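J.: One structure, as structure tokens, below. Some questions next.
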Number of protein chains: 2
Amino acid sequence: MEKYAIGIDLGGTNVKGCLIDEKGGINHISRIPTEAFKGGEHVLEKVLHLIGMLLEQSGLAKHIIGVGIGTPGFVDTDGTVIGGAENLPGWQGIQIYRPIMEIFGFQAVAANDVTVMALAEAKFGAGRGIKNLVCYALGTGIGGGIVIDGKLYRGTHGMAGELGHVVVETNGIPCNCGQCGCVEQYASANGIVNCAQRVCHAKKGESDSPFVSFVISNPDKLTSKIIYEYVQKKDPVALEINEIVCEKLARAIGITLNTLSPDRVILGGGVMMAGQVIVDTVSKYIPDYCWKAIYDRCDITIADLGEDAGMLGAGAMAFEEYPLMRVL
Amino acid sequence: MEKYAIGIDLGGTNVKGCLIDEKGGINHISRIPTEAFKGGEHVLEKVLHLIGMLLEQSGLAKHIIGVGIGTPGFVDTDGTVIGGAENLPGWQGIQIYRPIMEIFGFQAVAANDVTVMALAEAKFGAGRGIKNLVCYALGTGIGGGIVIDGKLYRGTHGMAGELGHVVVETNGIPCNCGQCGCVEQYASANGIVNCAQRVCHAKKGESDSPFVSFVISNPDKLTSKIIYEYVQKKDPVALEINEIVCEKLARAIGITLNTLSPDRVILGGGVMMAGQVIVDTVSKYIPDYCWKAIYDRCDITIADLGEDAGMLGAGAMAFEEYPLMRVL
């Protein structure tokens, strides 16, 4: 009998879910609004509703081995949200596993959304066949995920991989986490935009770069996507910003390399729409920030899976945890 | 039939070895000078000689499952020393496993000396029963070791756990590794002595601390042991140095906590002869440098095993790799 996992990707805007098979095949994708502003209990109801929808649409309830969920924040081993999910107010303290078992009879496993993205890349994407790898998701913030010996490493309480909060500048930009100088403040989409604002305002009136003119004239429209369009056009100030951002990111990756000596670092998230220019620039700086012997045995690459990585990783995590069909 | 591993602890001064059983019992300890200045081939001969001695003394050749070696530097999966062993000139490039197999017929596995120390603590010391842990060895330099799911994590090429080279001060003190501001430059025995020299010379003539007088009058005699004797006596300047050192160490540990979220951090090495005062001071600062939820689920403690940790960990690693008796 074909086995499926339900993979759920819980975001601040939408809850996405699907059935995935052991090879990463996706079936019956559904998506409903999270309505995060209505609080944690409401978000849980949305997740439960989506699971119900997927079962009804697919008619495959008997084939389901379990439910995997990728969520912002941390989830403890018993399925309680510990915290760290700023875009889901009231989500902290919610118990996820019990209602899924009570209503549907499925075992469930949840983890940080970027952590499960790392597993998806390891199983089905840019990390296939790689033993030890690390993912950085460069989005609004920066998340991380660690795969060791081909298996997701979550730490005993599901909190490992907070790679966005590695300090890369002593007494640097204050971060929401309470520290100063976290890499998230420099190389996330928001961090890149803030960096561009600072640099362009400092150069105002002194530079004839079209990029500086754009930033000064459009203070609220700047995105990392626009910045990297100017990088592609080789605007000198945009290129300078790319160097600043990638040098800071390289410091964080260097620390991760010295710590874990992974075989591959995968860069994903919205910022990586910019593509190879970030990989090339960051690769130039990493050898300054770790042992050369470690860098020489690691490659840096772009994530493969895009938007489906969260659902795929969540499903793959369920297969890791519950490889056997449940006895009905 | 009782099984034993040969555990070898290769240092710059001595090569120590013993037979260990699966419970960490130590038998037939031997120790011979490394004579490191004679080069890498000579060091290899010393290791082989020690293995021969242990077999002869014990008469237990038939009970040996394999050889484990803890060595400064990095060892690749095939048993070639990749580098990083500054106190063993010519050791880089030496192939360790082949001659042990050819001469004695034993499989061998080697890893960084601090990495194996972490395994020893996990199996037989301060980390017994702990799933995920990290060790810092505060010695002449700082080494690290990572245990994940109760097993040693070495990385694919044996280079993981270089926790002494996590940067804790941007543009800080230059380090031998090529970076600036590595924690090794602040919280190793040498780093602590250098810090004390700097602080005491700055306070010369302005402070009536007995510690400042001692440091100024004995520029070449200062050790971390002496510094912590003055800390015990509550000398205000020595206490200040302890705060500086522990605050920097806390930054490194905070990064490791955000990365791996271990259940326990074990502090070992010669510096930790100073004892609980370091644990207490560092614990005060760590929450400033990682997520509180992660810190709250981790404890910080002192290594248990002292000087035998290297041999024990090397032997335990052999048991991990070669759990079965070889077929003769």
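Residues are named by chain letter and number: chains run A, B, ... in the order of the structure tokens, numbers start at 1 in each chain, and ligands are numbered from 1 in the order shown.
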Residues of chain B within 8 Å of chain A, counting only C-alpha atoms - could you list those as a VMD selection string?
T.: chain B and resid 82 to 83 131 to 132 154 to 157 159 to 163 165 to 170 177 to 179 255 to 263 288 to 291 293 to 294 297
J.: Create the file for the chosen residues now, containing N, CA, C and O atoms and written as a short mmCIF file (atom, residue, chain, number, x, y, z; two decimals), in the first residue's frame.
T.:
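Written file, again_21.cif:
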```
data_model
loop_
_atom_site.label_atom_id
_atom_site.label_comp_id
_atom_site.auth_asym_id
_atom_site.auth_seq_id
_atom_site.Cartn_x
_atom_site.Cartn_y
_atom_site.Cartn_z
N ILE B 82 45.31 16.07 8.15
CA ILE B 82 45.11 17.17 7.21
C ILE B 82 45.83 18.43 7.67
O ILE B 82 46.28 19.23 6.87
N GLY B 83 45.95 18.62 8.97
CA GLY B 83 46.64 19.83 9.44
C GLY B 83 46.15 20.27 10.79
O GLY B 83 45.49 19.51 11.51
N LYS B 131 21.95 13.54 25.77
CA LYS B 131 21.80 13.23 24.34
C LYS B 131 22.71 14.11 23.48
O LYS B 131 23.47 13.62 22.65
N ASN B 132 22.59 15.41 23.64
CA ASN B 132 23.34 16.36 22.80
C ASN B 132 24.18 17.27 23.70
O ASN B 132 23.64 17.96 24.55
N ARG B 154 31.95 14.28 14.14
CA ARG B 154 33.26 14.73 13.68
C ARG B 154 33.20 15.50 12.37
O ARG B 154 34.19 16.07 11.94
N GLY B 155 32.06 15.49 11.72
CA GLY B 155 31.99 16.03 10.36
C GLY B 155 32.59 15.02 9.40
O GLY B 155 33.37 14.15 9.80
N THR B 156 32.22 15.14 8.12
CA THR B 156 32.63 14.14 7.14
C THR B 156 34.15 13.99 7.08
O THR B 156 34.67 12.89 6.87
N HIS B 157 34.88 15.08 7.28
CA HIS B 157 36.34 15.02 7.18
C HIS B 157 37.03 15.20 8.53
O HIS B 157 38.21 15.56 8.58
N MET B 159 36.72 17.39 10.91
CA MET B 159 37.17 18.73 11.30
C MET B 159 36.15 19.52 12.11
O MET B 159 36.40 20.68 12.45
N ALA B 160 35.02 18.92 12.45
CA ALA B 160 34.00 19.68 13.19
C ALA B 160 34.47 20.00 14.60
O ALA B 160 35.38 19.36 15.13
N GLY B 161 33.87 21.02 15.19
CA GLY B 161 34.12 21.33 16.60
C GLY B 161 35.27 22.29 16.84
O GLY B 161 35.83 22.33 17.93
N GLU B 162 35.60 23.11 15.85
CA GLU B 162 36.69 24.09 16.04
C GLU B 162 36.13 25.33 16.77
O GLU B 162 36.15 26.45 16.24
N LEU B 163 35.69 25.09 18.00
CA LEU B 163 34.95 26.11 18.73
C LEU B 163 35.86 27.20 19.30
O LEU B 163 35.38 28.26 19.71
N HIS B 165 37.76 28.90 17.53
CA HIS B 165 37.93 29.91 16.48
C HIS B 165 36.60 30.53 16.08
O HIS B 165 36.40 30.93 14.93
N VAL B 166 35.70 30.61 17.04
CA VAL B 166 34.49 31.42 16.89
C VAL B 166 34.88 32.85 17.27
O VAL B 166 35.48 33.08 18.32
N VAL B 167 34.55 33.79 16.39
CA VAL B 167 34.93 35.19 16.63
C VAL B 167 33.98 35.82 17.65
O VAL B 167 32.76 35.76 17.47
N VAL B 168 34.54 36.39 18.69
CA VAL B 168 33.73 37.01 19.74
C VAL B 168 33.99 38.52 19.85
O VAL B 168 33.35 39.20 20.66
N GLU B 169 34.92 39.02 19.05
CA GLU B 169 35.22 40.45 19.07
C GLU B 169 35.64 40.85 17.66
O GLU B 169 36.73 40.47 17.19
N THR B 170 34.77 41.58 16.98
CA THR B 170 35.07 42.01 15.61
C THR B 170 36.35 42.85 15.61
O THR B 170 36.49 43.75 16.43
N CYS B 177 45.01 31.45 13.53
CA CYS B 177 44.22 30.87 12.45
C CYS B 177 44.03 31.85 11.29
O CYS B 177 43.52 31.46 10.25
N GLY B 178 44.43 33.11 11.49
CA GLY B 178 44.27 34.09 10.42
C GLY B 178 43.13 35.06 10.67
O GLY B 178 43.07 36.12 10.05
N GLN B 179 42.20 34.68 11.56
CA GLN B 179 41.11 35.59 11.89
C GLN B 179 41.55 36.55 13.01
O GLN B 179 42.65 36.43 13.56
N ILE B 255 26.75 31.53 20.87
CA ILE B 255 26.66 31.19 19.43
C ILE B 255 26.47 29.69 19.26
O ILE B 255 25.64 29.23 18.47
N THR B 256 27.22 28.91 20.03
CA THR B 256 27.08 27.45 19.95
C THR B 256 25.68 27.02 20.40
O THR B 256 25.08 26.13 19.81
N LEU B 257 25.17 27.68 21.42
CA LEU B 257 23.82 27.34 21.89
C LEU B 257 22.78 27.66 20.81
O LEU B 257 21.91 26.84 20.53
N ASN B 258 22.85 28.83 20.21
CA ASN B 258 21.90 29.17 19.15
C ASN B 258 22.04 28.23 17.96
O ASN B 258 21.07 27.99 17.24
N THR B 259 23.23 27.72 17.72
CA THR B 259 23.44 26.81 16.59
C THR B 259 22.93 25.40 16.91
O THR B 259 22.17 24.82 16.14
N LEU B 260 23.33 24.85 18.05
CA LEU B 260 23.11 23.43 18.31
C LEU B 260 22.08 23.14 19.42
O LEU B 260 21.65 22.00 19.56
N SER B 261 21.75 24.15 20.21
CA SER B 261 20.83 23.94 21.33
C SER B 261 21.14 22.65 22.09
O SER B 261 20.27 21.77 22.23
N PRO B 262 22.36 22.52 22.59
CA PRO B 262 22.72 21.29 23.32
C PRO B 262 22.04 21.25 24.69
O PRO B 262 21.58 22.28 25.19
N ASP B 263 22.00 20.06 25.28
CA ASP B 263 21.42 19.91 26.62
C ASP B 263 22.43 20.29 27.69
O ASP B 263 22.06 20.62 28.81
N ASP B 288 22.73 36.70 27.74
CA ASP B 288 22.80 37.90 26.89
C ASP B 288 23.15 37.55 25.45
O ASP B 288 23.04 38.41 24.56
N TYR B 289 23.61 36.32 25.21
CA TYR B 289 24.17 35.99 23.90
C TYR B 289 23.50 34.82 23.20
O TYR B 289 24.08 34.21 22.30
N CYS B 290 22.29 34.48 23.63
CA CYS B 290 21.52 33.47 22.88
C CYS B 290 20.06 33.60 23.29
O CYS B 290 19.72 34.38 24.17
N TRP B 291 19.19 32.81 22.63
CA TRP B 291 17.78 32.81 23.00
C TRP B 291 17.65 32.27 24.42
O TRP B 291 18.21 31.23 24.76
N ALA B 293 15.11 30.79 25.75
CA ALA B 293 14.48 29.47 25.76
C ALA B 293 15.52 28.37 25.56
O ALA B 293 15.37 27.25 26.07
N ILE B 294 16.57 28.66 24.80
CA ILE B 294 17.63 27.68 24.58
C ILE B 294 18.50 27.57 25.82
O ILE B 294 18.81 26.47 26.30
N ARG B 297 17.19 25.56 28.74
CA ARG B 297 17.15 24.10 28.60
C ARG B 297 18.55 23.48 28.48
O ARG B 297 18.72 22.37 28.00
#
```
J.: Among segment 186-240 of chain B, which residues does DSSP mark as alpha helix (DSSP H) when it is run on the backbone? Keep the chain and numbering as in the structure and answer as a ChimeraX atom specification.
T.: /B:186-187,189-203,210-217,224-232,236-240
J.: Would you mind exporting the chosen residues as a compact mmCIF listing (two decimals), in the first residue's frame, restricted to N, CA and C atoms?
T.:
```
# COMPACT_ATOMS: atom_id res chain seq x y z
N TYR B 186 41.06 34.98 24.05
CA TYR B 186 40.57 35.62 25.28
C TYR B 186 40.42 34.64 26.43
N ALA B 187 40.03 33.39 26.15
CA ALA B 187 39.65 32.50 27.24
C ALA B 187 40.50 31.23 27.32
N ALA B 189 44.30 29.53 28.26
CA ALA B 189 45.29 29.88 29.30
C ALA B 189 46.15 31.05 28.82
N ASN B 190 46.63 30.97 27.58
CA ASN B 190 47.44 32.07 27.05
C ASN B 190 46.63 33.36 26.93
N GLY B 191 45.41 33.24 26.48
CA GLY B 191 44.55 34.41 26.32
C GLY B 191 44.29 35.09 27.65
N ILE B 192 44.08 34.31 28.69
CA ILE B 192 43.80 34.87 30.02
C ILE B 192 45.04 35.59 30.54
N VAL B 193 46.21 34.96 30.34
CA VAL B 193 47.46 35.59 30.79
C VAL B 193 47.67 36.91 30.06
N ASN B 194 47.47 36.90 28.75
CA ASN B 194 47.65 38.13 27.98
C ASN B 194 46.68 39.23 28.42
N CYS B 195 45.45 38.82 28.69
CA CYS B 195 44.45 39.78 29.17
C CYS B 195 44.91 40.39 30.49
N ALA B 196 45.38 39.54 31.40
CA ALA B 196 45.84 40.02 32.71
C ALA B 196 47.01 40.98 32.56
N GLN B 197 47.94 40.64 31.66
CA GLN B 197 49.09 41.53 31.42
C GLN B 197 48.61 42.91 30.96
N ARG B 198 47.69 42.90 29.99
CA ARG B 198 47.18 44.18 29.47
C ARG B 198 46.52 45.01 30.56
N VAL B 199 45.61 44.36 31.31
CA VAL B 199 44.86 45.10 32.33
C VAL B 199 45.80 45.61 33.42
N CYS B 200 46.73 44.76 33.86
CA CYS B 200 47.62 45.15 34.97
C CYS B 200 48.57 46.26 34.55
N HIS B 201 49.07 46.20 33.33
CA HIS B 201 49.96 47.28 32.89
C HIS B 201 49.21 48.60 32.74
N ALA B 202 47.95 48.52 32.34
CA ALA B 202 47.16 49.74 32.25
C ALA B 202 46.91 50.35 33.64
N LYS B 203 46.84 49.48 34.66
CA LYS B 203 46.53 49.95 36.02
C LYS B 203 47.79 50.21 36.86
N PRO B 210 47.23 43.55 45.17
CA PRO B 210 48.43 42.69 45.24
C PRO B 210 48.66 41.95 43.91
N PHE B 211 47.56 41.66 43.22
CA PHE B 211 47.69 40.95 41.95
C PHE B 211 48.43 41.81 40.92
N VAL B 212 48.08 43.09 40.83
CA VAL B 212 48.77 43.99 39.90
C VAL B 212 50.27 44.03 40.24
N SER B 213 50.59 44.16 41.52
CA SER B 213 52.01 44.17 41.94
C SER B 213 52.71 42.89 41.49
N PHE B 214 52.06 41.75 41.71
CA PHE B 214 52.67 40.47 41.33
C PHE B 214 52.94 40.43 39.82
N VAL B 215 51.95 40.84 39.02
CA VAL B 215 52.09 40.73 37.56
C VAL B 215 53.20 41.66 37.07
N ILE B 216 53.25 42.88 37.63
CA ILE B 216 54.28 43.84 37.20
C ILE B 216 55.68 43.34 37.59
N SER B 217 55.79 42.74 38.79
CA SER B 217 57.11 42.29 39.27
C SER B 217 57.54 40.96 38.65
N SER B 224 47.53 31.07 34.14
CA SER B 224 46.10 31.19 34.45
C SER B 224 45.84 30.64 35.86
N LYS B 225 46.64 29.66 36.27
CA LYS B 225 46.49 29.09 37.62
C LYS B 225 46.71 30.18 38.68
N ILE B 226 47.78 30.96 38.51
CA ILE B 226 48.06 32.04 39.47
C ILE B 226 46.95 33.08 39.46
N ILE B 227 46.49 33.42 38.25
CA ILE B 227 45.41 34.41 38.15
C ILE B 227 44.20 33.96 38.96
N TYR B 228 43.85 32.68 38.82
CA TYR B 228 42.65 32.21 39.53
C TYR B 228 42.90 32.00 41.02
N GLU B 229 44.16 31.90 41.44
CA GLU B 229 44.44 31.93 42.89
C GLU B 229 44.09 33.31 43.44
N TYR B 230 44.43 34.34 42.68
CA TYR B 230 44.07 35.71 43.12
C TYR B 230 42.56 35.93 43.02
N VAL B 231 41.90 35.27 42.05
CA VAL B 231 40.44 35.36 41.99
C VAL B 231 39.84 34.77 43.27
N GLN B 232 40.38 33.62 43.69
CA GLN B 232 39.88 32.99 44.93
C GLN B 232 40.04 33.92 46.12
N PRO B 236 40.52 42.49 43.57
CA PRO B 236 39.57 43.16 42.67
C PRO B 236 39.99 43.14 41.21
N VAL B 237 41.28 43.27 40.93
CA VAL B 237 41.71 43.27 39.52
C VAL B 237 41.63 41.85 38.93
N ALA B 238 41.99 40.85 39.72
CA ALA B 238 41.86 39.46 39.24
C ALA B 238 40.38 39.15 38.97
N LEU B 239 39.50 39.64 39.84
CA LEU B 239 38.06 39.43 39.63
C LEU B 239 37.60 40.10 38.34
N GLU B 240 38.15 41.29 38.07
CA GLU B 240 37.81 42.02 36.85
C GLU B 240 38.23 41.22 35.62
```
J.: For segment 52-55 of chain B, find every residue with an atom within 12 Å (counting only C-alpha atoms), except residues of its own chain fewer than 5 positions away, and show them as number ranges by chain.
T.: B: 4-8, 16-20, 27-32, 45-47, 60-64, 66-67, 100, 103-106
J.: Compare A:Asp78, A:Glu56, A:Glu41, A:Glu184 by their minimum atom-to-atom distance to Gln92 of chain A, counting only C-alpha atoms, and give me the closest one.
T.: A:Glu41
J.: What is the distance between atom CA of Arg264 of chain B and atom CA of Met317 of chain A, in Å to one decimal?
T.: 25.1 Å
J.: With distances taken over only C-alpha atoms, which residue among B:Gly270, B:Gly315, B:Gly310, B:Gly40 lies nearest Thr140 of chain B?
T.: B:Gly270
J.: Determine, counting only C-alpha atoms, which protein, DNA and RNA residues have an atom within 6 Å of an atom of segment 114-125 of chain A; residues of the same chain fewer than 3 positions away are not included. Present the result as a VMD selection string.
T.: chain A and resid 128 135 143 to 145 152 304 to 305 309 to 310 312 to 314
J.: Between B:Ile302, B:Val265, B:Leu88, B:Ala316, which one has atoms that come closest to Ile278 of chain B, using only C-alpha atoms?
T.: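 Residue with the minimum atom-to-atom distance to Ile278 of chain B: B:Ile302.
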J.: Please return, as a PyMOL selection string, all residues of segment 53-183 of chain A that DSSP assigns to strand (DSSP E or B) on the basis of the backbone.
T.: chain A and resi 64-71+74-75+80-83+95+108-112+133-138+142-148+151-153+167+174+180+182
